[in-house]
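S.K.: Okay, so here is input_30.pdb, and as you'll see once you scroll down, it has PDB, C-alpha atoms and all ligand atoms.
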MODEL        1
ATOM      1  CA  MET A   1     124.425  88.940 108.248
ATOM      2  CA  SER A   2     123.557  88.758 104.553
ATOM      3  CA  LYS A   3     121.525  85.554 104.399
ATOM      4  CA  LEU A   4     118.213  84.470 105.880
ATOM      5  CA  SER A   5     118.353  81.587 108.359
ATOM      6  CA  VAL A   6     115.329  79.932 106.677
ATOM      7  CA  ASN A   7     114.822  78.283 103.264
ATOM      8  CA  HIS A   8     111.110  79.138 103.066
ATOM      9  CA  LEU A   9     108.940  81.892 104.515
ATOM     10  CA  LEU A  10     106.327  79.727 106.211
ATOM     11  CA  GLY A  11     105.732  81.976 109.193
ATOM     12  CA  ILE A  12     107.409  84.454 111.512
ATOM     13  CA  ARG A  13     107.797  81.488 113.889
ATOM     14  CA  GLY A  14     111.174  79.979 113.034
ATOM     15  CA  MET A  15     112.768  83.304 112.070
ATOM     16  CA  ASN A  16     115.082  85.402 114.216
ATOM     17  CA  ARG A  17     115.606  89.121 114.743
ATOM     18  CA  ASP A  18     118.541  89.225 112.310
ATOM     19  CA  ASP A  19     116.278  87.773 109.583
ATOM     20  CA  LEU A  20     113.770  90.553 110.164
ATOM     21  CA  GLU A  21     116.423  93.287 110.181
ATOM     22  CA  LEU A  22     117.877  91.900 106.938
ATOM     23  CA  ILE A  23     114.425  91.933 105.299
ATOM     24  CA  PHE A  24     113.769  95.528 106.469
ATOM     25  CA  ASN A  25     117.153  96.771 105.212
ATOM     26  CA  THR A  26     116.664  95.044 101.848
ATOM     27  CA  ALA A  27     113.086  96.341 101.603
ATOM     28  CA  SER A  28     114.349  99.901 102.184
ATOM     29  CA  GLU A  29     116.675  99.509  99.201
ATOM     30  CA  PHE A  30     113.853  98.151  97.033
ATOM     31  CA  LYS A  31     111.540 100.952  98.169
ATOM     32  CA  GLU A  32     114.101 103.396  96.828
ATOM     33  CA  VAL A  33     114.013 101.495  93.490
ATOM     34  CA  LEU A  34     110.203 101.737  93.428
ATOM     35  CA  ASN A  35     110.405 105.513  93.674
ATOM     36  CA  ARG A  36     112.656 105.825  90.604
ATOM     37  CA  PRO A  37     111.230 106.640  87.135
ATOM     38  CA  ILE A  38     112.113 103.061  86.066
ATOM     39  CA  ARG A  39     110.774 100.873  88.867
ATOM     40  CA  LYS A  40     112.388  97.641  87.784
ATOM     41  CA  VAL A  41     115.600  95.704  88.516
ATOM     42  CA  PRO A  42     116.879  92.464  86.937
ATOM     43  CA  SER A  43     117.476  90.702  90.307
ATOM     44  CA  LEU A  44     115.188  87.692  89.644
ATOM     45  CA  ARG A  45     115.450  87.653  85.844
ATOM     46  CA  ASP A  46     116.113  83.882  85.766
ATOM     47  CA  LEU A  47     113.375  82.929  88.253
ATOM     48  CA  THR A  48     109.824  81.712  87.631
ATOM     49  CA  VAL A  49     107.286  82.180  90.446
ATOM     50  CA  ALA A  50     103.796  80.675  90.739
ATOM     51  CA  ASN A  51     101.153  82.460  92.799
ATOM     52  CA  LEU A  52      98.669  79.862  94.079
ATOM     53  CA  PHE A  53      95.625  81.434  95.654
ATOM     54  CA  PHE A  54      93.026  79.050  97.084
ATOM     55  CA  GLU A  55      91.339  81.918  98.942
ATOM     56  CA  ASN A  56      90.278  85.456  97.983
ATOM     57  CA  SER A  57      92.817  88.269  98.041
ATOM     58  CA  THR A  58      93.204  91.788  96.671
ATOM     59  CA  ARG A  59      96.278  93.288  98.345
ATOM     60  CA  THR A  60      98.497  90.249  98.898
ATOM     61  CA  ARG A  61      98.023  88.731  95.463
ATOM     62  CA  LEU A  62      98.559  91.959  93.511
ATOM     63  CA  SER A  63     101.413  92.988  95.763
ATOM     64  CA  PHE A  64     103.278  89.693  95.227
ATOM     65  CA  GLU A  65     102.699  89.851  91.477
ATOM     66  CA  LEU A  66     103.908  93.439  91.245
ATOM     67  CA  ALA A  67     106.924  92.604  93.403
ATOM     68  CA  GLN A  68     107.793  89.705  91.084
ATOM     69  CA  LYS A  69     107.442  91.872  87.983
ATOM     70  CA  ARG A  70     109.529  94.682  89.516
ATOM     71  CA  LEU A  71     112.258  92.053  90.098
ATOM     72  CA  SER A  72     111.948  90.852  86.466
ATOM     73  CA  ALA A  73     110.800  87.333  87.438
ATOM     74  CA  ASP A  74     108.472  85.323  85.199
ATOM     75  CA  VAL A  75     105.068  84.946  86.854
ATOM     76  CA  VAL A  76     102.206  82.461  86.577
ATOM     77  CA  ASN A  77      98.963  82.856  88.500
ATOM     78  CA  PHE A  78      96.732  80.043  89.658
ATOM     79  CA  SER A  79      93.236  80.419  91.049
ATOM     80  CA  ALA A  80      91.605  77.462  92.817
ATOM     81  CA  ALA A  81      88.219  78.307  91.303
ATOM     82  CA  SER A  82      89.420  77.457  87.772
ATOM     83  CA  SER A  83      91.875  74.637  88.570
ATOM     84  CA  SER A  84      91.829  70.835  88.483
ATOM     85  CA  VAL A  85      91.685  70.806  92.313
ATOM     86  CA  LYS A  86      87.925  71.022  91.653
ATOM     87  CA  LYS A  87      88.186  67.655  89.839
ATOM     88  CA  GLY A  88      89.643  65.858  92.853
ATOM     89  CA  GLU A  89      93.390  66.294  92.373
ATOM     90  CA  THR A  90      95.396  66.395  95.626
ATOM     91  CA  LEU A  91      97.203  69.559  96.684
ATOM     92  CA  VAL A  92     100.585  67.778  96.476
ATOM     93  CA  ASP A  93      99.871  66.539  92.930
ATOM     94  CA  THR A  94      98.692  69.981  91.835
ATOM     95  CA  VAL A  95     101.825  71.676  93.141
ATOM     96  CA  ASN A  96     104.155  68.935  91.843
ATOM     97  CA  ASN A  97     102.658  69.401  88.369
ATOM     98  CA  ILE A  98     103.255  73.142  88.566
ATOM     99  CA  ILE A  99     106.863  72.582  89.710
ATOM    100  CA  ALA A 100     107.412  70.155  86.780
ATOM    101  CA  MET A 101     106.928  73.161  84.481
ATOM    102  CA  LYS A 102     110.223  74.560  85.885
ATOM    103  CA  VAL A 103     108.729  76.839  88.499
ATOM    104  CA  ASP A 104     111.322  77.900  91.117
ATOM    105  CA  MET A 105     109.222  79.457  93.861
ATOM    106  CA  VAL A 106     105.613  79.131  95.058
ATOM    107  CA  VAL A 107     103.599  81.808  96.850
ATOM    108  CA  MET A 108     100.492  80.229  98.356
ATOM    109  CA  ARG A 109      97.368  81.335 100.183
ATOM    110  CA  HIS A 110      95.201  78.534 101.505
ATOM    111  CA  PRO A 111      92.230  78.366 103.911
ATOM    112  CA  HIS A 112      93.762  75.504 105.935
ATOM    113  CA  PRO A 113      96.247  76.332 108.714
ATOM    114  CA  GLY A 114      99.571  74.574 108.044
ATOM    115  CA  ALA A 115      98.911  73.948 104.321
ATOM    116  CA  THR A 116     102.151  75.650 103.225
ATOM    117  CA  HIS A 117     104.173  73.886 105.954
ATOM    118  CA  PHE A 118     102.737  70.556 104.770
ATOM    119  CA  LEU A 119     103.710  71.219 101.152
ATOM    120  CA  ALA A 120     107.200  72.418 102.078
ATOM    121  CA  GLU A 121     107.853  68.936 103.527
ATOM    122  CA  LYS A 122     106.484  67.102 100.473
ATOM    123  CA  VAL A 123     107.491  69.221  97.478
ATOM    124  CA  ASN A 124     110.985  70.305  96.530
ATOM    125  CA  THR A 125     110.744  74.045  95.892
ATOM    126  CA  THR A 126     110.815  77.326  97.815
ATOM    127  CA  PHE A 127     107.523  78.286  99.496
ATOM    128  CA  ILE A 128     106.174  81.580 100.752
ATOM    129  CA  ASN A 129     103.059  81.535 102.926
ATOM    130  CA  ALA A 130     100.662  84.278 101.779
ATOM    131  CA  GLY A 131      98.187  83.419 104.555
ATOM    132  CA  ASP A 132      97.129  79.980 105.825
ATOM    133  CA  GLY A 133      93.674  80.035 107.384
ATOM    134  CA  THR A 134      93.682  81.480 110.899
ATOM    135  CA  HIS A 135      97.364  80.629 111.400
ATOM    136  CA  GLU A 136     100.005  83.034 109.968
ATOM    137  CA  HIS A 137     100.387  85.793 107.373
ATOM    138  CA  PRO A 138     104.118  86.511 107.660
ATOM    139  CA  THR A 139     104.571  89.063 104.874
ATOM    140  CA  GLN A 140     101.704  91.130 106.359
ATOM    141  CA  ALA A 141     103.523  91.223 109.717
ATOM    142  CA  LEU A 142     106.781  92.189 107.995
ATOM    143  CA  LEU A 143     105.195  95.047 106.058
ATOM    144  CA  ASP A 144     103.316  96.179 109.186
ATOM    145  CA  ALA A 145     106.525  96.271 111.250
ATOM    146  CA  PHE A 146     108.361  98.015 108.382
ATOM    147  CA  SER A 147     105.600 100.671 108.250
ATOM    148  CA  ILE A 148     105.631 101.171 112.028
ATOM    149  CA  ARG A 149     109.423 101.592 111.980
ATOM    150  CA  GLU A 150     109.157 104.207 109.233
ATOM    151  CA  ARG A 151     106.698 106.215 111.360
ATOM    152  CA  VAL A 152     108.032 105.837 114.934
ATOM    153  CA  GLY A 153     111.715 104.980 114.357
ATOM    154  CA  ASN A 154     113.643 101.769 113.696
ATOM    155  CA  ASP A 155     114.032 100.831 117.350
ATOM    156  CA  LEU A 156     110.763  99.234 118.525
ATOM    157  CA  GLU A 157     112.271  98.139 121.862
ATOM    158  CA  GLY A 158     109.677  98.924 124.535
ATOM    159  CA  LYS A 159     107.196 100.519 122.099
ATOM    160  CA  LYS A 160     103.603  99.752 123.124
ATOM    161  CA  ILE A 161     101.648  98.207 120.276
ATOM    162  CA  ALA A 162      98.008  97.103 120.619
ATOM    163  CA  ILE A 163      96.327  94.650 118.253
ATOM    164  CA  VAL A 164      92.583  95.119 118.512
ATOM    165  CA  GLY A 165      89.563  93.093 117.438
ATOM    166  CA  ASP A 166      89.018  89.587 116.144
ATOM    167  CA  ILE A 167      92.251  88.015 117.404
ATOM    168  CA  ARG A 168      90.730  84.522 117.387
ATOM    169  CA  HIS A 169      90.246  84.331 113.623
ATOM    170  CA  SER A 170      93.195  86.482 112.568
ATOM    171  CA  ARG A 171      96.396  85.162 110.982
ATOM    172  CA  VAL A 172      97.634  88.770 110.959
ATOM    173  CA  ALA A 173      97.462  88.869 114.767
ATOM    174  CA  LEU A 174      99.712  85.851 115.388
ATOM    175  CA  SER A 175     102.333  86.886 112.816
ATOM    176  CA  ASN A 176     102.326  90.464 114.132
ATOM    177  CA  ILE A 177     102.708  89.326 117.739
ATOM    178  CA  LEU A 178     105.662  87.066 116.872
ATOM    179  CA  ALA A 179     107.395  89.728 114.754
ATOM    180  CA  LEU A 180     106.868  92.597 117.193
ATOM    181  CA  LYS A 181     108.035  90.513 120.162
ATOM    182  CA  LEU A 182     111.201  89.577 118.210
ATOM    183  CA  LEU A 183     111.798  93.308 117.688
ATOM    184  CA  GLY A 184     111.445  94.005 121.426
ATOM    185  CA  ALA A 185     108.054  95.742 121.408
ATOM    186  CA  ARG A 186     105.471  95.389 124.177
ATOM    187  CA  VAL A 187     102.369  93.860 122.623
ATOM    188  CA  ARG A 188      98.817  93.901 123.929
ATOM    189  CA  VAL A 189      95.797  92.210 122.380
ATOM    190  CA  CYS A 190      92.410  93.808 123.026
ATOM    191  CA  GLY A 191      88.911  92.665 122.148
ATOM    192  CA  PRO A 192      85.852  90.858 123.494
ATOM    193  CA  ALA A 193      86.809  87.845 125.643
ATOM    194  CA  THR A 194      85.144  85.569 123.083
ATOM    195  CA  LEU A 195      87.533  86.766 120.359
ATOM    196  CA  ILE A 196      90.779  86.316 122.320
ATOM    197  CA  PRO A 197      91.901  82.665 122.454
ATOM    198  CA  LYS A 198      93.433  81.278 125.651
ATOM    199  CA  HIS A 199      96.784  80.432 124.026
ATOM    200  CA  MET A 200      97.547  84.167 123.740
ATOM    201  CA  GLN A 201      98.866  84.069 127.325
ATOM    202  CA  SER A 202     101.683  81.729 126.265
ATOM    203  CA  LEU A 203     102.918  84.265 123.673
ATOM    204  CA  GLY A 204     103.931  86.802 126.332
ATOM    205  CA  VAL A 205     101.390  89.441 125.334
ATOM    206  CA  GLU A 206      99.216  91.546 127.587
ATOM    207  CA  ILE A 207      95.472  90.946 127.320
ATOM    208  CA  SER A 208      92.751  93.565 127.750
ATOM    209  CA  HIS A 209      89.035  93.789 127.139
ATOM    210  CA  ASN A 210      88.993  97.550 127.808
ATOM    211  CA  PHE A 211      89.566  99.431 124.555
ATOM    212  CA  ASP A 212      89.599 102.957 125.989
ATOM    213  CA  GLU A 213      92.224 102.008 128.593
ATOM    214  CA  THR A 214      94.239 100.266 125.844
ATOM    215  CA  LEU A 215      94.213 103.450 123.744
ATOM    216  CA  VAL A 216      95.643 105.374 126.711
ATOM    217  CA  TRP A 217      98.389 102.697 127.041
ATOM    218  CA  ALA A 218      99.352 102.330 123.363
ATOM    219  CA  ASP A 219     101.760 104.162 121.033
ATOM    220  CA  VAL A 220     100.477 102.233 118.007
ATOM    221  CA  VAL A 221      97.173 100.413 117.349
ATOM    222  CA  ASN A 222      96.592  97.793 114.674
ATOM    223  CA  MET A 223      92.834  97.486 114.090
ATOM    224  CA  LEU A 224      91.644  94.109 112.791
ATOM    225  CA  ARG A 225      88.416  93.457 110.976
ATOM    226  CA  ILE A 226      85.687  91.120 112.178
ATOM    227  CA  GLN A 227      86.209  88.019 110.035
ATOM    228  CA  HIS A 228      82.579  87.171 109.233
ATOM    229  CA  GLU A 229      83.654  84.479 106.773
ATOM    230  CA  ARG A 230      85.252  82.532 109.634
ATOM    231  CA  GLN A 231      82.364  83.165 112.035
ATOM    232  CA  GLY A 232      79.534  81.681 109.989
ATOM    233  CA  GLY A 233      78.659  84.812 107.921
ATOM    234  CA  ALA A 234      77.525  88.372 108.657
ATOM    235  CA  MET A 235      74.037  87.276 109.731
ATOM    236  CA  SER A 236      75.341  84.742 112.246
ATOM    237  CA  ILE A 237      77.431  86.396 114.971
ATOM    238  CA  PRO A 238      78.010  83.992 117.868
ATOM    239  CA  TYR A 239      80.913  85.937 119.407
ATOM    240  CA  PHE A 240      79.177  89.209 120.376
ATOM    241  CA  PRO A 241      75.552  90.388 120.529
ATOM    242  CA  SER A 242      75.549  92.737 117.507
ATOM    243  CA  ILE A 243      77.814  94.731 115.191
ATOM    244  CA  ARG A 244      76.472  97.912 116.805
ATOM    245  CA  GLU A 245      77.538  96.741 120.256
ATOM    246  CA  TYR A 246      80.941  95.658 118.923
ATOM    247  CA  THR A 247      81.534  99.120 117.408
ATOM    248  CA  LEU A 248      80.354 100.788 120.599
ATOM    249  CA  ASN A 249      82.976  98.909 122.637
ATOM    250  CA  PHE A 250      85.842  98.306 120.184
ATOM    251  CA  GLY A 251      85.360 100.655 117.214
ATOM    252  CA  LEU A 252      88.040 103.332 116.694
ATOM    253  CA  THR A 253      86.030 106.571 116.473
ATOM    254  CA  GLN A 254      86.901 110.292 116.457
ATOM    255  CA  GLU A 255      85.229 110.650 119.880
ATOM    256  CA  ARG A 256      87.564 108.026 121.367
ATOM    257  CA  LEU A 257      90.689 109.620 119.865
ATOM    258  CA  GLN A 258      89.634 113.133 120.948
ATOM    259  CA  ARG A 259      89.606 111.953 124.580
ATOM    260  CA  LEU A 260      93.358 111.167 124.332
ATOM    261  CA  ASP A 261      96.081 113.746 124.933
ATOM    262  CA  LYS A 262      98.395 112.213 122.309
ATOM    263  CA  GLN A 263      98.537 111.170 118.650
ATOM    264  CA  LEU A 264      98.332 107.455 117.941
ATOM    265  CA  THR A 265      99.799 105.683 114.930
ATOM    266  CA  ILE A 266      97.044 103.575 113.376
ATOM    267  CA  LEU A 267      97.326 100.472 111.191
ATOM    268  CA  HIS A 268      94.807  98.196 109.535
ATOM    269  CA  PRO A 269      95.775  95.251 107.299
ATOM    270  CA  GLY A 270      92.663  95.580 105.129
ATOM    271  CA  PRO A 271      90.109  94.916 103.897
ATOM    272  CA  VAL A 272      88.547  97.644 106.076
ATOM    273  CA  ASN A 273      84.960  97.475 107.309
ATOM    274  CA  ARG A 274      84.424 101.224 107.467
ATOM    275  CA  GLY A 275      82.217 102.249 110.391
ATOM    276  CA  VAL A 276      82.635  98.901 112.169
ATOM    277  CA  GLU A 277      86.176  98.538 113.584
ATOM    278  CA  ILE A 278      87.344 101.981 112.385
ATOM    279  CA  SER A 279      85.545 105.148 111.309
ATOM    280  CA  SER A 280      86.061 106.416 107.766
ATOM    281  CA  GLY A 281      87.563 109.718 108.956
ATOM    282  CA  ILE A 282      90.262 107.941 110.963
ATOM    283  CA  ALA A 283      91.028 105.410 108.223
ATOM    284  CA  ASP A 284      91.700 108.319 105.835
ATOM    285  CA  SER A 285      93.547 110.549 108.343
ATOM    286  CA  ASP A 286      97.247 111.453 108.490
ATOM    287  CA  HIS A 287      97.654 109.149 111.505
ATOM    288  CA  SER A 288      96.539 106.120 109.495
ATOM    289  CA  LEU A 289      99.265 104.030 107.829
ATOM    290  CA  ILE A 290      96.784 101.960 105.798
ATOM    291  CA  LEU A 291      98.033 103.012 102.352
ATOM    292  CA  ASP A 292     101.674 103.129 103.538
ATOM    293  CA  GLN A 293     101.218  99.475 104.533
ATOM    294  CA  VAL A 294      99.984  98.627 101.039
ATOM    295  CA  GLU A 295     102.821 100.576  99.410
ATOM    296  CA  ASN A 296     105.433  98.957 101.673
ATOM    297  CA  GLY A 297     104.005  95.514 100.926
ATOM    298  CA  VAL A 298     105.559  95.524  97.450
ATOM    299  CA  ALA A 299     109.070  96.433  98.663
ATOM    300  CA  THR A 300     108.840  93.996 101.587
ATOM    301  CA  ARG A 301     107.758  91.125  99.313
ATOM    302  CA  MET A 302     110.520  92.006  96.843
ATOM    303  CA  ALA A 303     112.986  91.703  99.726
ATOM    304  CA  VAL A 304     111.596  88.344 100.883
ATOM    305  CA  MET A 305     111.670  86.784  97.398
ATOM    306  CA  TYR A 306     115.105  88.225  96.591
ATOM    307  CA  LEU A 307     116.626  86.928  99.837
ATOM    308  CA  LEU A 308     115.026  83.478  99.514
ATOM    309  CA  ALA A 309     116.171  83.207  95.889
ATOM    310  CA  ARG A 310     119.742  84.024  96.946
ATOM    311  CA  ARG A 311     119.714  80.934  99.186
TER     312      ARG A 311
HETATM  313  N1  LIG B   1      95.737  92.149 104.130
HETATM  314  C1  LIG B   1      95.412  91.145 103.259
HETATM  315  O1  LIG B   1      95.890  90.001 103.362
HETATM  316  O2  LIG B   1      94.526  91.514 102.295
HETATM  317  P1  LIG B   1      93.992  90.572 101.120
HETATM  318  O3  LIG B   1      93.124  89.506 101.768
HETATM  319  O4  LIG B   1      93.236  91.473 100.188
HETATM  320  O5  LIG B   1      95.184  89.932 100.457
ENDMDL
END
Starting from the coordinates I provided, produce the structure as structure tokens.
M.R.:
Amino acid sequence: MSKLSVNHLLGIRGMNRDDLELIFNTASEFKEVLNRPIRKVPSLRDLTVANLFFENSTRTRLSFELAQKRLSADVVNFSAASSSVKKGETLVDTVNNIIAMKVDMVVMRHPHPGATHFLAEKVNTTFINAGDGTHEHPTQALLDAFSIRERVGNDLEGKKIAIVGDIRHSRVALSNILALKLLGARVRVCGPATLIPKHMQSLGVEISHNFDETLVWADVVNMLRIQHERQGGAMSIPYFPSIREYTLNFGLTQERLQRLDKQLTILHPGPVNRGVEISSGIADSDHSLILDQVENGVATRMAVMYLLARR
């Protein structure tokens, strides 16, 4: 197969295994390009992309922009803080005005779940979801799966992958679950009962509240951060008694890893709260894929934009 089955990248939901394999194979080719002395190809020379970020971002925003520049696309960046959205303009009007300037593709991050899906029905252009509230973050799941495959082998069939922490507020969790299940992995979510929503059962994942037992079970762990901004702020923690207690029960520490008789592969999508969900030593260790994930994000996003543009 040489074409994606979708016209937009709104989420992992709606994609199939062939789509994912095509993205991984294309990303591998672009990763090779990124390691050359001249890290640029003319693939999207005739394309103009707008990056619309209505929510903070370091990795995703820079990674998309670099990916666009490595593909020779023209790029415009839009930040909600300095836009006319603040003057009362609707989201559809804002995006339609941007499209009228001959923009071919829109990458959007928005705090509201479904915002990119809504626009894709109303506005005639190609959309990529760069994170919509607590819903999906598809390119994060793609780069995570790509990084896992690089470390443990391309066949994830039966591999045991645990996603640990604030599942309730995480768009990374849902996209990762959907992608890893498509690739045949066994997926377990682990965290306090208050941070694991009931609908997880319908996704065919295992559920655990016992972190140490989950570490014994897993081949790979993806550690998520506590999303204070979606829980009412760092000083208001209604989902568990204290940060200290959370770390005691669900923090990945050297002591926990030393009790295992195996090496785990460790991921974290960032931003990392060092000393809360993961200790500094582990985040910086050889078993951590954190910076590989960031590096692979550029190649993966190049692949997504290239394949969507070809449609
Ligand atoms: N992983 C991720 O989405 O990071 P940013 O919020 O910095 O983009």
S.K.: Between range 135-163 of chain A and range 209-229 of chain A, at 9 Å or less, what are the per-residue closest atom pairs and their distances in Å? Count all atoms listed in the file, order by chain and rising residue number, and return it as JSON lines.
M.R.:
{"residue": "A:Asp144", "atom": "CA", "partner": "A:Asn222", "partner_atom": "CA", "distance": 8.8}
{"residue": "A:Ile148", "atom": "CA", "partner": "A:Val220", "partner_atom": "CA", "distance": 8.0}
{"residue": "A:Val152", "atom": "CA", "partner": "A:Asp219", "partner_atom": "CA", "distance": 8.9}
{"residue": "A:Lys159", "atom": "CA", "partner": "A:Asp219", "partner_atom": "CA", "distance": 6.6}
{"residue": "A:Lys160", "atom": "CA", "partner": "A:Ala218", "partner_atom": "CA", "distance": 5.0}
{"residue": "A:Ile161", "atom": "CA", "partner": "A:Val220", "partner_atom": "CA", "distance": 4.8}
{"residue": "A:Ala162", "atom": "CA", "partner": "A:Val221", "partner_atom": "CA", "distance": 4.7}
{"residue": "A:Ile163", "atom": "CA", "partner": "A:Asn222", "partner_atom": "CA", "distance": 4.8}
S.K.: With a distance cut-off of 8 Å and all atoms listed in the file, select the neighbouring residues of Pro111 in chain A, excluding the residue or stretch itself and same-chain residues fewer than 2 positions from it, and output the selection as a list of chain:residue names.
M.R.: A:Phe54, A:Glu55, A:Arg109, A:Pro113, A:Gly131, A:Asp132, A:Gly133, A:Thr134
S.K.: Using the chain letters and numbers from the file, which residues does the PyMOL selection byres (((not hetatm)) within 7 of (chain B and resi 1)) grab, as a list in words?
M.R.: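 Checking the PyMOL selection byres (((not hetatm)) within 7 of (chain B and resi 1)) against this file, the residues are Asn56, Ser57, Thr58, Arg59, Thr60, Arg61, Gln140, Pro269, Gly270 and Pro271 of chain A.
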S.K.: Store the residues picked out above in a file with C-alpha atoms, as a short mmCIF file (atom, residue, chain, number, x, y, z; two decimals), in the frame of the given file.
M.R.:
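The new file selection11.cif reads:
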data_model
loop_
_atom_site.label_atom_id
_atom_site.label_comp_id
_atom_site.auth_asym_id
_atom_site.auth_seq_id
_atom_site.Cartn_x
_atom_site.Cartn_y
_atom_site.Cartn_z
CA ASN A 56 90.28 85.46 97.98
CA SER A 57 92.82 88.27 98.04
CA THR A 58 93.20 91.79 96.67
CA ARG A 59 96.28 93.29 98.34
CA THR A 60 98.50 90.25 98.90
CA ARG A 61 98.02 88.73 95.46
CA GLN A 140 101.70 91.13 106.36
CA PRO A 269 95.78 95.25 107.30
CA GLY A 270 92.66 95.58 105.13
CA PRO A 271 90.11 94.92 103.90
#
S.K.: Counting all atoms listed in the file, which residue out of A:Lys262, A:Arg70, A:His137, A:Arg244 sits closest to Asn35 in chain A?
M.R.: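 Among the listed residues, the smallest separation from Asn35 in chain A belongs to A:Arg70.
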S.K.: Please indicate the distance in Å from CA of Leu10 in chain A to CA of Glu136 in chain A, rounded to one decimal place.
M.R.: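 A separation of 8.1 Å between them.
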S.K.: Hey, which of A:Thr265, A:Lys69, A:Gly158, A:Thr194 ends up closest to Leu34 in chain A? Count only C-alpha atoms.
M.R.: A:Lys69
S.K.: Could you name the residues that touch Val41 in chain A at 8 Å or less, counting all atoms listed in the file, but leaving out those on the same chain fewer than 2 positions away, as an NGL selection string?
M.R.: :A and (33 or 39 or 43 or 70-72)
S.K.: Identify which of the residues A:Ala73, A:Gly165, A:Asn51, A:Ser208 lies closest to His110 in chain A, counting only C-alpha atoms when measuring atom-to-atom distances.
M.R.: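 Under the stated criterion, the closest residue is A:Asn51.
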S.K.: Near Met101 in chain A, within 12 Å and counting all atoms listed in the file, which residues show up once chain neighbours fewer than 5 positions away are dropped, as an mmCIF file with C-alpha atoms, in the frame of the given file?
M.R.:
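See part_33.cif below for the written result:
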data_model
loop_
_atom_site.group_PDB
_atom_site.id
_atom_site.type_symbol
_atom_site.label_atom_id
_atom_site.label_comp_id
_atom_site.auth_asym_id
_atom_site.auth_seq_id
_atom_site.Cartn_x
_atom_site.Cartn_y
_atom_site.Cartn_z
ATOM 1 C CA THR A 48 109.824 81.712 87.631
ATOM 2 C CA VAL A 49 107.286 82.180 90.446
ATOM 3 C CA ALA A 50 103.796 80.675 90.739
ATOM 4 C CA VAL A 76 102.206 82.461 86.577
ATOM 5 C CA THR A 94 98.692 69.981 91.835
ATOM 6 C CA VAL A 95 101.825 71.676 93.141
ATOM 7 C CA ASN A 96 104.155 68.935 91.843
#
S.K.: Could you name the residues that touch Gly275 in chain A at 12 Å or less, counting all atoms listed in the file, but leaving out those on the same chain fewer than 6 positions away, as a ChimeraX atom specification?
M.R.: /A:225-226,243-244,246-248,250-254,281-283
S.K.: Any chance you can output those residues with C-alpha atoms as an mmCIF file, keeping the file's coordinate frame?
M.R.:
data_model
loop_
_atom_site.group_PDB
_atom_site.id
_atom_site.type_symbol
_atom_site.label_atom_id
_atom_site.label_comp_id
_atom_site.auth_asym_id
_atom_site.auth_seq_id
_atom_site.Cartn_x
_atom_site.Cartn_y
_atom_site.Cartn_z
ATOM 1 C CA ARG A 225 88.416 93.457 110.976
ATOM 2 C CA ILE A 226 85.687 91.120 112.178
ATOM 3 C CA ILE A 243 77.814 94.731 115.191
ATOM 4 C CA ARG A 244 76.472 97.912 116.805
ATOM 5 C CA TYR A 246 80.941 95.658 118.923
ATOM 6 C CA THR A 247 81.534 99.120 117.408
ATOM 7 C CA LEU A 248 80.354 100.788 120.599
ATOM 8 C CA PHE A 250 85.842 98.306 120.184
ATOM 9 C CA GLY A 251 85.360 100.655 117.214
ATOM 10 C CA LEU A 252 88.040 103.332 116.694
ATOM 11 C CA THR A 253 86.030 106.571 116.473
ATOM 12 C CA GLN A 254 86.901 110.292 116.457
ATOM 13 C CA GLY A 281 87.563 109.718 108.956
ATOM 14 C CA ILE A 282 90.262 107.941 110.963
ATOM 15 C CA ALA A 283 91.028 105.410 108.223
#
S.K.: Hey, can you pull every residue with an atom no more than 10 Å from (111.5, 81.9, 101.3), using all atoms listed in the file, and send it as JSON, numbers by chain?
M.R.: {"A": [4, 5, 6, 7, 8, 9, 10, 11, 105, 106, 107, 125, 126, 127, 128, 129, 304, 305, 306, 307, 308, 309, 310, 311]}
S.K.: Using all atoms listed in the file, which residue out of A:Pro138, A:Pro42, A:Gly204, A:Val172 lies closest to Gly14 in chain A?
M.R.: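 Of A:Pro138, A:Pro42, A:Gly204, A:Val172, the one nearest Gly14 in chain A is A:Pro138, counting all atoms listed in the file.
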